[in-house]
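Colleague: My structure is below; once you've seen it, I'll send some questions.
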Amino acid sequence: MIEKFKNFTALYDENEPLKIDIVGETYCDKTFKIERNNSDLNAFEFIIDGKGTLEIDDQYLTVEKSDVFFLKKGSSHKYQSDSKEPWHKFWIVFNGDFAESLINCYLPKDVYLFKGCDAVKRYFEEIVETTRKDMPYDVMVNRITISLMHIFIYIRNRVLMENEDLPDIIRKKLDESIESPFNLDNLCKGINYSKNYVIHVFKNKYNLTPYQYFLDKKIDAAKTYLTHTNLSVGSIANTLHYADQQYFSSSFKKATGYSPLEYRRKTRKD
């Protein structure tokens, strides 16, 4: 592993609003792995090349070229390079009241991975290059602050743009899995967002949790089967992955006011 970094923790005043702790560039090897519990740092890392994984606050994320990941102060996390395609990355560790304000205002809660952020590579390059020049610490921080702000603004704008479509993406994935057991963990892993965030954005648009929407769509599917096929009630329950026929029947009646057979007779008579 080759690592070039500058440590500034001995240079700053604790009362400064933005403190730059460490900035570096790392060429990881196949053994690269870091684990922290209740971390005392905030950090951004930009992946120049390679791939690896990040586990943070019960999320398991795949981190690839051009991705940015965020390590939040107080989190428990573990990240490591792929053994065959190890990371080459820039990173910056920072703290302070202003840093916390930026995090709270610009980053979505419980989101730690931002995919395909090629546009911010130049800001990380600026930060690394700035630390390699001979200048007073306060002048360096002022320059880095501008680059860091660009990173925060880019991520916020990117997330806002993505969020316009995110609830629809979630809905489509739910629609595609109606004949499967409900698994929000797998859905969240597939789109690299936390469960809390997925539930929040989906409910904000559709006024339903993903689970409530999923149950409603299962009932709609059951109605279609009852009306347009001769499948038995047990077969429909099995197809839609209900625990058993009795649970399906009680769920259907609760949702529609009819038992499955009553609904079939009614719709076919109509």
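Within each chain, counting starts at residue 1; across the structure tokens, chains are named A, B, ... in the order shown, with ligands numbered 1 upward in that order.
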Using only C-alpha atoms, which residues of stretch 152-236 of chain A come within 7 Å of stretch 47-69 of chain A, and what is the closest atom pair for each, with the distance in Å to one decimal? Give it as a Markdown table, sorted by chain and residue number.
Modeller:
```
| residue | atom | partner | partner_atom | distance |
| --- | --- | --- | --- | --- |
| A:Lys189 | CA | A:Tyr60 | CA | 6.9 |
| A:Asn192 | CA | A:Leu61 | CA | 6.4 |
| A:Ser194 | CA | A:Gln59 | CA | 6.7 |
```
Colleague: Running DSSP on the backbone, which parts of stretch 34-96 of chain A land in strand (DSSP E or B), as a PyMOL selection string?
Modeller: chain A and resi 34-36+42-49+51-56+59-64+68-71+77-81+88-95
Colleague: Which residues in stretch 24-254 of chain A does DSSP call alpha helix (DSSP H)? List them as a ChimeraX atom specification.
Modeller: /A:97-106,121-131,137-163,166-176,184-191,195-206,210-228,233-239,245-254
Colleague: Select, from A:Lys30, A:His241, A:Lys195, A:Lys223, the residue with the minimum atom-to-atom distance to A:Ser177, counting only C-alpha atoms.
Modeller: A:His241
Colleague: Rounded to one decimal, what separation in Å do you get between atom CA of A:Ile151 and atom CA of A:Val120?
Modeller: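 Rounded to one decimal, the two atoms are 6.0 Å apart.
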Colleague: Closest to A:Phe32 among A:Ala221, A:Ala10, A:Leu231, A:Ile2, using only C-alpha atoms?
Modeller: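 Between A:Ala221, A:Ala10, A:Leu231, A:Ile2, the residue approaching A:Phe32 most closely is A:Ile2.
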Colleague: Check the smallest atom-to-atom distance from each of A:Leu107, A:Leu11, A:Met1, A:Val23 to A:Tyr197 using only C-alpha atoms, then report the winner.
Modeller: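 Looking at the shortest contact to A:Tyr197, the residue is A:Leu107.
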Colleague: I want to know what sits within 10 Å of A:Asn38, based on only C-alpha atoms, with residues of the same chain fewer than 3 positions away left out; could you give that as a PyMOL selection string?
Modeller: chain A and resi 41+72-77
